[in-house]
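In what follows, a single structure is set out as structure tokens and then discussed.
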Protein chains: 2
Amino acid sequence: MTRRPTKPSLQDVARAAHVSIATVSRVINDTAPVHPDTRDRVLHAIERLHYTPNLHARTLRGGDSRTIGMIVSNLKNPFFLDVYESLEAEAHHLGHEVVVTSTGYDPDRLAAAVRLMISRRVSGIAAIVSEMSPAVLTELTSSGIPVVVHDADDVRRDLMTVQVDYGVGMQQIVELLYGFGHRDFAFVGHHTALASLSVRERAFTDALHRYGRDVTTRIVTETDALDGGRRAAYALLEGDVRPTAIVCVNDFMATGVMRGLRDRGVRVPDDISVTGFDNVTLAEYADPPLTTVDIPRDEIGRLAVDRLLHRSPRNRAEGRERRIIPALVIRNSTAKAPTRR
Amino acid sequence: MTRRPTKPSLQDVARAAHVSIATVSRVINDTAPVHPDTRDRVLHAIERLHYTPNLHARTLRGGDSRTIGMIVSNLKNPFFLDVYESLEAEAHHLGHEVVVTSTGYDPDRLAAAVRLMISRRVSGIAAIVSEMSPAVLTELTSSGIPVVVHDADDVRRDLMTVQVDYGVGMQQIVELLYGFGHRDFAFVGHHTALASLSVRERAFTDALHRYGRDVTTRIVTETDALDGGRRAAYALLEGDVRPTAIVCVNDFMATGVMRGLRDRGVRVPDDISVTGFDNVTLAEYADPPLTTVDIPRDEIGRLAVDRLLHRSPRNRAEGRERRIIPALVIRNSTAKAPTRR
DNA sequence: TTGAAAGCGATACCAC
DNA sequence: GTGGTATCGCTTTCAA
């Protein structure tokens, strides 16, 4: 009774209820009037047989899987998880399912993920990744499936995007730090298999260059993880010029950085100021609470789904690109620079 | 050129390569010898048309989706994410994909997730949830799909499980704390929509009852999140009997608890000791680093997949249940109890 | 080595 | 209101 080799199909239900499969289908989808008695018989048969519709058959027939594929770089980073949750909520709201995949910043895994999504005939693909390569981008756009990207280096004309103005965010951070008297900076970024600079890193260097030549910068890249941040901190403390301000690519790594500094007896923010990016919940729970830039993750997820499913920007002028302006959140991980030795 | 209404099928490729669809299928799956020239023509056609196989058709035909469905309670809790990653790694290793869903401890969402997995005709379901209800359990087992559960309250005979001996883990924590002189305990658990006690909570009370009547306990439940832990801490500090030791259901909430205590000027571990459970990375990065019990998440994921896919315990005696013994990890969030007032 | 055709499960159109 | 059937894209005999 427990082990049935194959699951019951419409055919089985039809036989059990002494009706045609067409009628069963009508009952299930409520797509046409069915006699109450017939309807009851069918419902009972469904119950009795534990019938569950085969989604593959349905999709094959209908052509639409009512599923959205989401590809992110690193699910362990709370940022992506938050975007995922908002995206899923919005998708469910519109009667769609979501399938996620994490690539670990690996372009090969990204390519595989894209192909899998296409094979699944998803109704749309949201690529929230930073390791996007031109080749994969081409594969995506030529798939005929609606695609929306976030964080992509190479933003092309034929692409829908949900972009965050990282320039403004970094600008605010640098201003705050510079205003506090910091002149020796460091940036902690994360590895990407691609040679190109990450969007956030470029935003940082651009912002810094806007200030005079009296600043120093050092850039360290590590894995996007707590221990990556910790190692980055170790590395920075070993350099000749010790930074007084460490700007991190995101809150996740910043949390690791602060731990690394604590390990070495460095006080935050008294000795060194640290900033994050994203304003994930973790940032508030770090010790000290992290100064960061708030990125509205829920808006990213929501907008992505809307672009994918509606495809009908009510406002033509709004276009295919949607830009989000982030806001600075000042907490206790930043302070005036210690007097220079 | 970008918008093609329907994706190319085997039929299209066949036409383009001037062969039959059977031949194309053979080329794709390397299932029978094909003349090199023919093979080349087909390959070129595939390339030219951007052909991507339709997974739904394939599954419909073959009956097996080569996908494992994983259902967890709360993806935001790093514990589940770690299990997911190990499960996915093992599944990929065996040529399967993984689809996850998070239920947020909601039995309704669990039921919906189960039905969706069944509709997807997954090759196996791993239910790493604590809100399992008898009804859903029945739906699962009668689906004919291999199922493995973890953390289930109601463990039934006809179920494969990957169980962790939470009793031993909690026992070790209580021993440590009691040995430190703590007599006033508190337990911070998380909400579950079901009335039944969670496995970990019961393990805690059992362990505590093994000691004399000279202990007090108080139990608080909150949402499984950082801010849930924080609120729990607030609540505990407002009680008549202030605990000197707070045992948390997991590291995630413990991290929030410590933040809550800090907010109120309570020092950990000098004033109050705090313990977690799981030994997720976050526990080590908390301040102070958290005393906890190590649960081998990667083993849980790996074992789950093995049970699901192999279904052939090489050792019959090993049976359908696999028990994991956890180990205590002592860090700095625990210390001797302050002298009693 | 290749092709024709059956059939997986569901939907929808066309008769009755 | 109900039944018959073509069809979606693919794998797999069975013939040639």
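Chains: A, B, ... in order of the structure tokens. Residues: from 1 per chain. Ligands: from 1, in order shown.
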Give me the least-squares superposed chain B (reference chain A; all C-alpha atoms paired in order) as a short mmCIF file (atom, residue, chain, number, x, y, z; two decimals) with C-alpha atoms, in the first residue's frame.
data_model
loop_
_atom_site.label_atom_id
_atom_site.label_comp_id
_atom_site.auth_asym_id
_atom_site.auth_seq_id
_atom_site.Cartn_x
_atom_site.Cartn_y
_atom_site.Cartn_z
CA MET B 1 0.21 -0.08 0.23
CA THR B 2 3.11 2.24 0.69
CA ARG B 3 5.02 1.36 -2.44
CA ARG B 4 3.16 2.02 -5.62
CA PRO B 5 5.50 1.80 -8.59
CA THR B 6 3.94 4.63 -10.56
CA LYS B 7 1.80 7.47 -9.40
CA PRO B 8 -1.87 7.52 -10.43
CA SER B 9 -2.64 9.57 -13.49
CA LEU B 10 -5.74 11.27 -14.77
CA GLN B 11 -6.46 8.03 -16.55
CA ASP B 12 -6.59 6.13 -13.28
CA VAL B 13 -8.84 8.68 -11.69
CA ALA B 14 -11.09 8.68 -14.72
CA ARG B 15 -11.43 4.92 -14.61
CA ALA B 16 -12.16 4.94 -10.90
CA ALA B 17 -14.81 7.60 -11.28
CA HIS B 18 -16.26 6.13 -14.48
CA VAL B 19 -15.77 9.28 -16.47
CA SER B 20 -13.40 10.48 -19.16
CA ILE B 21 -10.08 12.10 -18.44
CA ALA B 22 -11.41 15.30 -19.95
CA THR B 23 -14.01 15.52 -17.23
CA VAL B 24 -11.48 14.90 -14.52
CA SER B 25 -9.36 17.67 -15.92
CA ARG B 26 -12.35 19.98 -15.87
CA VAL B 27 -13.03 19.19 -12.25
CA ILE B 28 -9.45 19.77 -11.24
CA ASN B 29 -9.03 23.04 -13.06
CA ASP B 30 -12.62 24.20 -12.71
CA THR B 31 -12.42 25.07 -16.33
CA ALA B 32 -15.96 24.16 -17.37
CA PRO B 33 -19.24 23.31 -15.63
CA VAL B 34 -19.49 19.72 -14.43
CA HIS B 35 -22.53 17.99 -13.01
CA PRO B 36 -22.37 18.05 -9.20
CA ASP B 37 -22.76 14.28 -8.93
CA THR B 38 -20.02 13.63 -11.44
CA ARG B 39 -17.88 16.17 -9.72
CA ASP B 40 -18.30 14.39 -6.40
CA ARG B 41 -17.40 11.04 -7.86
CA VAL B 42 -14.28 12.49 -9.35
CA LEU B 43 -13.28 14.27 -6.18
CA HIS B 44 -13.69 11.08 -4.21
CA ALA B 45 -11.63 9.13 -6.67
CA ILE B 46 -8.88 11.71 -6.47
CA GLU B 47 -8.94 11.49 -2.73
CA ARG B 48 -8.95 7.72 -2.67
CA LEU B 49 -6.07 7.35 -5.11
CA HIS B 50 -3.94 10.15 -3.64
CA TYR B 51 -3.84 11.67 -7.06
CA THR B 52 -1.38 14.52 -7.54
CA PRO B 53 -1.14 16.21 -10.92
CA ASN B 54 2.08 15.75 -12.84
CA LEU B 55 3.61 19.18 -13.22
CA HIS B 56 5.80 18.10 -16.07
CA ALA B 57 2.92 16.95 -18.19
CA ARG B 58 1.09 20.12 -17.40
CA THR B 59 4.00 22.32 -18.33
CA LEU B 60 4.74 20.34 -21.44
CA ARG B 61 1.20 20.81 -22.58
CA GLY B 62 0.77 24.39 -21.49
CA GLY B 63 4.20 25.63 -22.33
CA ASP B 64 4.56 27.65 -19.17
CA SER B 65 6.02 26.31 -15.97
CA ARG B 66 4.77 29.17 -13.80
CA THR B 67 8.16 29.11 -12.16
CA ILE B 68 10.80 31.75 -11.82
CA GLY B 69 14.43 30.80 -11.75
CA MET B 70 16.68 32.78 -9.47
CA ILE B 71 20.44 32.59 -9.60
CA VAL B 72 22.55 34.16 -6.88
CA SER B 73 26.25 34.25 -6.14
CA ASN B 74 26.27 33.14 -2.55
CA LEU B 75 23.23 32.08 -0.62
CA LYS B 76 25.15 32.09 2.63
CA ASN B 77 25.48 35.80 2.44
CA PRO B 78 22.29 37.09 4.08
CA PHE B 79 21.95 39.74 1.40
CA PHE B 80 21.04 37.19 -1.23
CA LEU B 81 18.76 35.34 1.09
CA ASP B 82 16.80 38.49 1.77
CA VAL B 83 16.43 39.19 -1.91
CA TYR B 84 15.33 35.60 -2.40
CA GLU B 85 12.64 35.86 0.22
CA SER B 86 11.17 39.03 -1.18
CA LEU B 87 11.33 37.64 -4.67
CA GLU B 88 9.59 34.48 -3.60
CA ALA B 89 6.90 36.38 -1.76
CA GLU B 90 6.13 38.47 -4.81
CA ALA B 91 6.25 35.45 -7.11
CA HIS B 92 3.84 33.49 -4.92
CA HIS B 93 1.62 36.50 -4.84
CA LEU B 94 1.44 36.24 -8.61
CA GLY B 95 0.92 32.49 -8.55
CA HIS B 96 4.42 31.44 -9.44
CA GLU B 97 6.97 29.21 -7.81
CA VAL B 98 10.65 29.99 -7.40
CA VAL B 99 13.69 27.83 -7.89
CA VAL B 100 17.02 29.13 -6.57
CA THR B 101 20.58 28.19 -7.28
CA SER B 102 23.75 29.49 -5.75
CA THR B 103 26.87 29.65 -7.88
CA GLY B 104 29.56 30.34 -5.33
CA TYR B 105 30.89 33.06 -7.69
CA ASP B 106 31.92 30.34 -10.12
CA PRO B 107 31.21 31.20 -13.78
CA ASP B 108 31.02 27.53 -14.68
CA ARG B 109 28.37 26.90 -12.12
CA LEU B 110 26.59 30.01 -13.34
CA ALA B 111 26.59 28.68 -16.88
CA ALA B 112 25.28 25.33 -15.68
CA ALA B 113 22.58 27.04 -13.64
CA VAL B 114 21.46 29.09 -16.61
CA ARG B 115 21.20 26.03 -18.81
CA LEU B 116 19.25 24.18 -16.17
CA MET B 117 16.81 27.06 -15.83
CA ILE B 118 16.29 27.14 -19.55
CA SER B 119 15.75 23.39 -19.61
CA ARG B 120 13.16 23.85 -16.95
CA ARG B 121 11.41 26.33 -19.16
CA VAL B 122 11.08 28.85 -16.35
CA SER B 123 8.89 31.84 -17.04
CA GLY B 124 11.68 34.22 -16.13
CA ILE B 125 15.21 34.32 -14.81
CA ALA B 126 16.49 36.69 -12.14
CA ALA B 127 20.26 36.75 -12.14
CA ILE B 128 21.52 38.38 -8.95
CA VAL B 129 25.15 37.60 -9.57
CA SER B 130 28.37 39.49 -9.95
CA GLU B 131 30.29 36.92 -11.98
CA MET B 132 28.28 37.39 -15.14
CA SER B 133 30.36 36.75 -18.25
CA PRO B 134 29.54 37.97 -21.77
CA ALA B 135 29.09 34.43 -23.00
CA VAL B 136 26.55 33.55 -20.35
CA LEU B 137 24.82 36.84 -20.89
CA THR B 138 24.41 36.02 -24.54
CA GLU B 139 23.09 32.58 -23.73
CA LEU B 140 20.59 34.21 -21.42
CA THR B 141 19.31 36.85 -23.76
CA SER B 142 19.11 34.54 -26.74
CA SER B 143 17.08 32.03 -24.78
CA GLY B 144 13.89 33.91 -25.40
CA ILE B 145 13.16 33.85 -21.69
CA PRO B 146 12.66 37.15 -19.88
CA VAL B 147 15.77 37.97 -17.90
CA VAL B 148 16.47 40.57 -15.29
CA VAL B 149 19.91 41.12 -13.87
CA HIS B 150 21.27 42.92 -10.89
CA ASP B 151 24.84 43.86 -10.21
CA ALA B 152 26.01 42.97 -13.69
CA ASP B 153 29.25 44.51 -14.77
CA ASP B 154 28.39 44.62 -18.38
CA VAL B 155 25.00 46.20 -18.68
CA ARG B 156 23.71 45.90 -22.19
CA ARG B 157 20.91 47.63 -23.94
CA ASP B 158 18.76 44.58 -24.47
CA LEU B 159 18.65 43.69 -20.81
CA MET B 160 16.23 44.46 -18.05
CA THR B 161 18.00 45.46 -14.89
CA VAL B 162 17.33 46.36 -11.30
CA GLN B 163 20.28 48.48 -10.44
CA VAL B 164 21.34 50.02 -7.19
CA ASP B 165 23.32 53.21 -7.30
CA TYR B 166 26.38 51.91 -5.56
CA GLY B 167 28.22 55.07 -6.49
CA VAL B 168 26.03 57.15 -4.22
CA GLY B 169 26.33 54.62 -1.41
CA MET B 170 30.09 54.46 -1.51
CA GLN B 171 30.27 58.21 -1.86
CA GLN B 172 28.41 58.61 1.40
CA ILE B 173 30.67 56.18 3.20
CA VAL B 174 33.85 57.82 1.98
CA GLU B 175 32.50 61.25 2.89
CA LEU B 176 31.69 60.13 6.40
CA LEU B 177 35.07 58.56 6.89
CA TYR B 178 36.99 61.40 5.31
CA GLY B 179 35.07 63.85 7.43
CA PHE B 180 36.18 61.86 10.46
CA GLY B 181 39.74 62.59 9.43
CA HIS B 182 40.59 59.23 7.94
CA ARG B 183 43.26 59.29 5.27
CA ASP B 184 44.51 55.72 5.22
CA PHE B 185 41.87 53.50 3.69
CA ALA B 186 41.52 49.87 2.86
CA PHE B 187 38.89 48.06 0.86
CA VAL B 188 37.92 44.47 1.51
CA GLY B 189 36.29 42.86 -1.49
CA HIS B 190 35.52 39.32 -2.43
CA HIS B 191 36.94 37.03 -5.03
CA THR B 192 35.35 36.75 -8.37
CA ALA B 193 36.69 34.42 -10.97
CA LEU B 194 36.41 37.22 -13.49
CA ALA B 195 39.12 39.78 -13.93
CA SER B 196 36.76 42.71 -14.08
CA LEU B 197 36.39 44.83 -11.02
CA SER B 198 33.26 44.37 -9.02
CA VAL B 199 30.76 47.19 -9.22
CA ARG B 200 31.12 48.07 -5.57
CA GLU B 201 34.86 48.09 -5.64
CA ARG B 202 34.91 50.45 -8.56
CA ALA B 203 32.39 52.67 -6.82
CA PHE B 204 34.72 52.85 -3.86
CA THR B 205 37.83 53.78 -5.78
CA ASP B 206 35.89 56.32 -7.80
CA ALA B 207 34.54 57.94 -4.68
CA LEU B 208 37.96 58.03 -3.08
CA HIS B 209 39.61 59.56 -6.12
CA ARG B 210 37.26 62.45 -5.86
CA TYR B 211 39.24 63.47 -2.80
CA GLY B 212 42.76 64.85 -2.87
CA ARG B 213 45.96 62.94 -3.18
CA ASP B 214 46.41 62.82 0.57
CA VAL B 215 44.80 59.43 0.92
CA THR B 216 46.26 55.94 0.74
CA THR B 217 44.34 52.86 -0.25
CA ARG B 218 44.93 49.23 -0.14
CA ILE B 219 42.68 46.55 -1.55
CA VAL B 220 42.34 43.02 -0.33
CA THR B 221 40.10 40.36 -1.77
CA GLU B 222 39.01 37.25 0.02
CA THR B 223 36.19 34.77 -0.11
CA ASP B 224 32.74 36.15 0.59
CA ALA B 225 32.40 34.64 4.04
CA LEU B 226 32.96 35.43 7.67
CA ASP B 227 36.36 33.79 7.70
CA GLY B 228 37.26 35.55 4.48
CA GLY B 229 36.73 38.84 6.27
CA ARG B 230 38.76 37.66 9.19
CA ARG B 231 41.70 36.72 7.00
CA ALA B 232 41.45 40.04 5.19
CA ALA B 233 41.79 41.82 8.53
CA TYR B 234 44.88 39.81 9.39
CA ALA B 235 46.41 40.69 6.03
CA LEU B 236 45.70 44.37 6.42
CA LEU B 237 47.29 44.55 9.84
CA GLU B 238 50.47 43.09 8.47
CA GLY B 239 50.98 45.78 5.83
CA ASP B 240 53.37 48.73 6.13
CA VAL B 241 50.71 51.37 6.20
CA ARG B 242 48.05 50.37 8.64
CA PRO B 243 44.67 51.68 7.55
CA THR B 244 42.51 53.60 9.99
CA ALA B 245 39.38 52.89 8.00
CA ILE B 246 38.35 49.62 6.41
CA VAL B 247 35.55 49.79 3.89
CA CYS B 248 34.02 46.38 3.22
CA VAL B 249 32.14 45.24 0.17
CA ASN B 250 29.31 43.97 2.35
CA ASP B 251 28.17 43.47 5.92
CA PHE B 252 28.90 39.79 5.85
CA MET B 253 32.61 40.26 5.31
CA ALA B 254 32.69 43.31 7.57
CA THR B 255 31.51 41.13 10.41
CA GLY B 256 34.42 38.82 9.79
CA VAL B 257 36.81 41.75 9.55
CA MET B 258 35.75 43.02 12.95
CA ARG B 259 36.34 39.61 14.42
CA GLY B 260 39.78 39.52 12.89
CA LEU B 261 40.62 42.91 14.34
CA ARG B 262 39.37 41.84 17.74
CA ASP B 263 41.58 38.77 17.56
CA ARG B 264 44.57 41.08 17.20
CA GLY B 265 43.53 43.38 20.00
CA VAL B 266 42.52 46.21 17.69
CA ARG B 267 39.57 48.20 18.96
CA VAL B 268 36.70 49.19 16.67
CA PRO B 269 36.08 52.07 16.19
CA ASP B 270 38.76 53.60 18.44
CA ASP B 271 41.73 52.27 16.52
CA ILE B 272 40.13 51.44 13.21
CA SER B 273 36.75 52.26 11.73
CA VAL B 274 34.92 49.59 9.78
CA THR B 275 32.00 49.94 7.40
CA GLY B 276 29.74 47.41 5.76
CA PHE B 277 27.27 47.52 2.92
CA ASP B 278 23.69 46.18 2.58
CA ASN B 279 22.37 46.70 6.10
CA VAL B 280 21.47 43.08 6.66
CA THR B 281 20.13 42.16 10.08
CA LEU B 282 23.49 40.75 11.04
CA ALA B 283 25.03 44.25 10.80
CA GLU B 284 22.87 45.44 13.63
CA TYR B 285 23.77 42.44 15.76
CA ALA B 286 27.48 42.74 15.28
CA ASP B 287 29.62 44.15 18.05
CA PRO B 288 29.90 47.06 17.64
CA PRO B 289 26.84 47.54 15.46
CA LEU B 290 27.99 48.25 11.96
CA THR B 291 27.85 51.51 10.07
CA THR B 292 26.59 50.57 6.65
CA VAL B 293 24.53 51.51 3.62
CA ASP B 294 21.00 50.28 3.44
CA ILE B 295 20.15 48.41 0.27
CA PRO B 296 16.42 47.68 0.06
CA ARG B 297 16.62 43.97 -0.68
CA ASP B 298 12.88 43.49 -0.67
CA GLU B 299 12.53 46.09 -3.36
CA ILE B 300 15.08 44.33 -5.51
CA GLY B 301 13.19 41.05 -5.31
CA ARG B 302 9.85 42.65 -5.88
CA LEU B 303 10.95 44.73 -8.81
CA ALA B 304 12.70 41.78 -10.41
CA VAL B 305 9.52 39.72 -10.41
CA ASP B 306 7.45 42.59 -11.71
CA ARG B 307 9.81 43.15 -14.59
CA LEU B 308 9.81 39.44 -15.34
CA LEU B 309 6.13 38.74 -15.15
CA HIS B 310 4.31 41.89 -16.05
CA ARG B 311 6.75 43.04 -18.64
CA SER B 312 4.44 46.00 -18.98
CA PRO B 313 5.99 49.07 -17.46
CA ARG B 314 2.89 51.14 -16.97
CA ASN B 315 5.13 54.06 -17.50
CA ARG B 316 7.01 53.75 -20.74
CA ALA B 317 9.50 56.37 -19.68
CA GLU B 318 10.44 54.25 -16.71
CA GLY B 319 12.10 52.03 -19.24
CA ARG B 320 13.71 48.72 -18.66
CA GLU B 321 16.04 49.91 -15.98
CA ARG B 322 15.10 50.60 -12.42
CA ARG B 323 17.53 52.43 -10.22
CA ILE B 324 17.50 52.29 -6.44
CA ILE B 325 19.13 54.95 -4.29
CA PRO B 326 20.60 53.62 -1.06
CA ALA B 327 20.86 55.40 2.28
CA LEU B 328 23.65 55.60 4.83
CA VAL B 329 23.07 54.05 8.24
CA ILE B 330 25.46 55.30 10.88
CA ARG B 331 26.07 53.05 13.87
CA ASN B 332 29.03 52.50 16.15
CA SER B 333 31.73 50.93 14.04
CA THR B 334 32.91 54.30 12.77
CA ALA B 335 34.53 57.18 14.63
CA LYS B 336 37.10 59.92 14.32
CA ALA B 337 40.47 58.80 13.10
CA PRO B 338 43.07 58.36 15.81
CA THR B 339 45.77 61.06 15.75
CA ARG B 340 48.40 60.15 13.24
CA ARG B 341 51.60 58.70 14.42
#
**OP:** Tell me the residues of chain C close to chain A, meaning within 10 Å using only C-alpha atoms (C1' of nucleotides), as a ChimeraX atom specification.
**Re:** /C:8-12
Subject >> DSSP alpha helix (DSSP H) selection over segment 240-308 of chain B, as a PyMOL selection string >> reply: chain B and resi 251-263+281-285+297-308
Would you output that residue set with C-alpha atoms, as a PDB file, in the first residue's frame?
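As written to disk, selection01.pdb reads:
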ATOM      1  CA  ASP B 251      23.193  29.442  17.756  1.00  0.00           C
ATOM      2  CA  PHE B 252      21.127  31.777  15.660  1.00  0.00           C
ATOM      3  CA  MET B 253      18.836  32.746  18.498  1.00  0.00           C
ATOM      4  CA  ALA B 254      21.691  32.669  21.004  1.00  0.00           C
ATOM      5  CA  THR B 255      23.399  35.376  19.010  1.00  0.00           C
ATOM      6  CA  GLY B 256      20.303  37.502  19.330  1.00  0.00           C
ATOM      7  CA  VAL B 257      20.049  36.731  23.024  1.00  0.00           C
ATOM      8  CA  MET B 258      23.575  37.952  23.626  1.00  0.00           C
ATOM      9  CA  ARG B 259      22.783  41.156  21.821  1.00  0.00           C
ATOM     10  CA  GLY B 260      19.716  41.626  23.964  1.00  0.00           C
ATOM     11  CA  LEU B 261      21.725  41.120  27.124  1.00  0.00           C
ATOM     12  CA  ARG B 262      24.345  43.570  25.942  1.00  0.00           C
ATOM     13  CA  ASP B 263      21.623  46.125  25.295  1.00  0.00           C
ATOM     14  CA  THR B 281      30.103  29.608  11.774  1.00  0.00           C
ATOM     15  CA  LEU B 282      28.248  32.537  13.244  1.00  0.00           C
ATOM     16  CA  ALA B 283      28.722  31.076  16.748  1.00  0.00           C
ATOM     17  CA  GLU B 284      32.446  31.458  16.456  1.00  0.00           C
ATOM     18  CA  TYR B 285      32.119  35.037  15.243  1.00  0.00           C
ATOM     19  CA  ARG B 297      25.391  19.481   9.204  1.00  0.00           C
ATOM     20  CA  ASP B 298      27.318  18.122   6.267  1.00  0.00           C
ATOM     21  CA  GLU B 299      26.771  14.619   7.505  1.00  0.00           C
ATOM     22  CA  ILE B 300      23.052  15.204   7.765  1.00  0.00           C
ATOM     23  CA  GLY B 301      22.848  16.357   4.160  1.00  0.00           C
ATOM     24  CA  ARG B 302      25.053  13.603   2.887  1.00  0.00           C
ATOM     25  CA  LEU B 303      23.277  10.849   4.736  1.00  0.00           C
ATOM     26  CA  ALA B 304      19.891  12.140   3.672  1.00  0.00           C
ATOM     27  CA  VAL B 305      20.800  11.909   0.001  1.00  0.00           C
ATOM     28  CA  ASP B 306      22.324   8.484   0.421  1.00  0.00           C
ATOM     29  CA  ARG B 307      19.213   7.168   2.085  1.00  0.00           C
ATOM     30  CA  LEU B 308      17.077   8.712  -0.630  1.00  0.00           C
TER      31      LEU B 308
END
Could I get the residues of chain D with an atom no further than 10 Å from an atom of chain A, each paired with its nearest atom pair and that distance in Å to one decimal, using only C-alpha atoms (C1' of nucleotides), sorted by chain and residue number, as a tab-separated table?
residue	atom	partner	partner_atom	distance
D:DG1	C1'	A:Val34	CA	6.1
D:DT2	C1'	A:Thr23	CA	6.9
D:DG3	C1'	A:Ser20	CA	6.1
D:DG4	C1'	A:Ser20	CA	8.8
D:DT7	C1'	A:Arg61	CA	7.5
D:DC8	C1'	A:Arg61	CA	4.4
D:DG9	C1'	A:Leu60	CA	7.3
File dump, residues just selected, N, CA and C atoms (P, O5', C5', C4', C3', O3' and C1' of nucleotides), as an mmCIF file, in the first residue's frame:
data_model
loop_
_atom_site.group_PDB
_atom_site.id
_atom_site.type_symbol
_atom_site.label_atom_id
_atom_site.label_comp_id
_atom_site.auth_asym_id
_atom_site.auth_seq_id
_atom_site.Cartn_x
_atom_site.Cartn_y
_atom_site.Cartn_z
ATOM 1 P P DG D 1 -24.329 22.122 -16.307
ATOM 2 O "O5'" DG D 1 -23.948 20.612 -16.509
ATOM 3 C "C5'" DG D 1 -24.087 20.115 -17.780
ATOM 4 C "C4'" DG D 1 -23.918 18.617 -17.755
ATOM 5 C "C3'" DG D 1 -22.620 18.062 -17.179
ATOM 6 O "O3'" DG D 1 -22.790 16.660 -16.951
ATOM 7 C "C1'" DG D 1 -22.508 18.042 -19.540
ATOM 8 P P DT D 2 -21.646 15.705 -16.337
ATOM 9 O "O5'" DT D 2 -20.939 15.090 -17.608
ATOM 10 C "C5'" DT D 2 -21.623 14.075 -18.350
ATOM 11 C "C4'" DT D 2 -20.851 13.753 -19.606
ATOM 12 C "C3'" DT D 2 -19.418 13.277 -19.383
ATOM 13 O "O3'" DT D 2 -19.394 11.868 -19.593
ATOM 14 C "C1'" DT D 2 -19.652 14.696 -21.303
ATOM 15 P P DG D 3 -18.058 11.057 -19.473
ATOM 16 O "O5'" DG D 3 -17.645 11.009 -21.010
ATOM 17 C "C5'" DG D 3 -18.510 10.383 -21.929
ATOM 18 C "C4'" DG D 3 -17.877 10.363 -23.311
ATOM 19 C "C3'" DG D 3 -16.466 9.771 -23.358
ATOM 20 O "O3'" DG D 3 -16.390 8.894 -24.478
ATOM 21 C "C1'" DG D 3 -16.454 11.949 -24.281
ATOM 22 P P DG D 4 -15.110 8.101 -24.791
ATOM 23 O "O5'" DG D 4 -14.538 8.921 -26.033
ATOM 24 C "C5'" DG D 4 -15.297 8.987 -27.236
ATOM 25 C "C4'" DG D 4 -14.513 9.720 -28.318
ATOM 26 C "C3'" DG D 4 -13.104 9.174 -28.570
ATOM 27 O "O3'" DG D 4 -12.869 9.191 -29.982
ATOM 28 C "C1'" DG D 4 -12.968 11.455 -27.953
ATOM 29 P P DT D 7 -2.341 17.129 -34.291
ATOM 30 O "O5'" DT D 7 -1.666 17.604 -32.925
ATOM 31 C "C5'" DT D 7 -2.167 18.768 -32.268
ATOM 32 C "C4'" DT D 7 -1.393 18.964 -30.991
ATOM 33 C "C3'" DT D 7 0.110 18.660 -31.091
ATOM 34 O "O3'" DT D 7 0.836 19.853 -30.864
ATOM 35 C "C1'" DT D 7 -0.838 17.739 -29.121
ATOM 36 P P DC D 8 2.374 19.934 -31.317
ATOM 37 O "O5'" DC D 8 3.109 20.261 -29.941
ATOM 38 C "C5'" DC D 8 2.694 21.313 -29.087
ATOM 39 C "C4'" DC D 8 3.245 21.064 -27.705
ATOM 40 C "C3'" DC D 8 4.661 20.507 -27.733
ATOM 41 O "O3'" DC D 8 5.590 21.558 -27.516
ATOM 42 C "C1'" DC D 8 3.243 19.297 -26.197
ATOM 43 P P DG D 9 6.898 21.562 -28.447
ATOM 44 O "O5'" DG D 9 7.821 20.458 -27.776
ATOM 45 C "C5'" DG D 9 8.324 20.695 -26.472
ATOM 46 C "C4'" DG D 9 9.145 19.509 -26.033
ATOM 47 C "C3'" DG D 9 10.266 19.106 -26.991
ATOM 48 O "O3'" DG D 9 11.424 18.916 -26.222
ATOM 49 C "C1'" DG D 9 8.899 17.243 -26.543
#
**OP:** Apply DSSP to the backbone of this structure and, from segment 84-244 of chain A, keep only the residues in strand (DSSP E); write these as a PyMOL selection string.
**Re:** chain A and resi 97-102+124-128+147-150+160-164+184-190+216-222
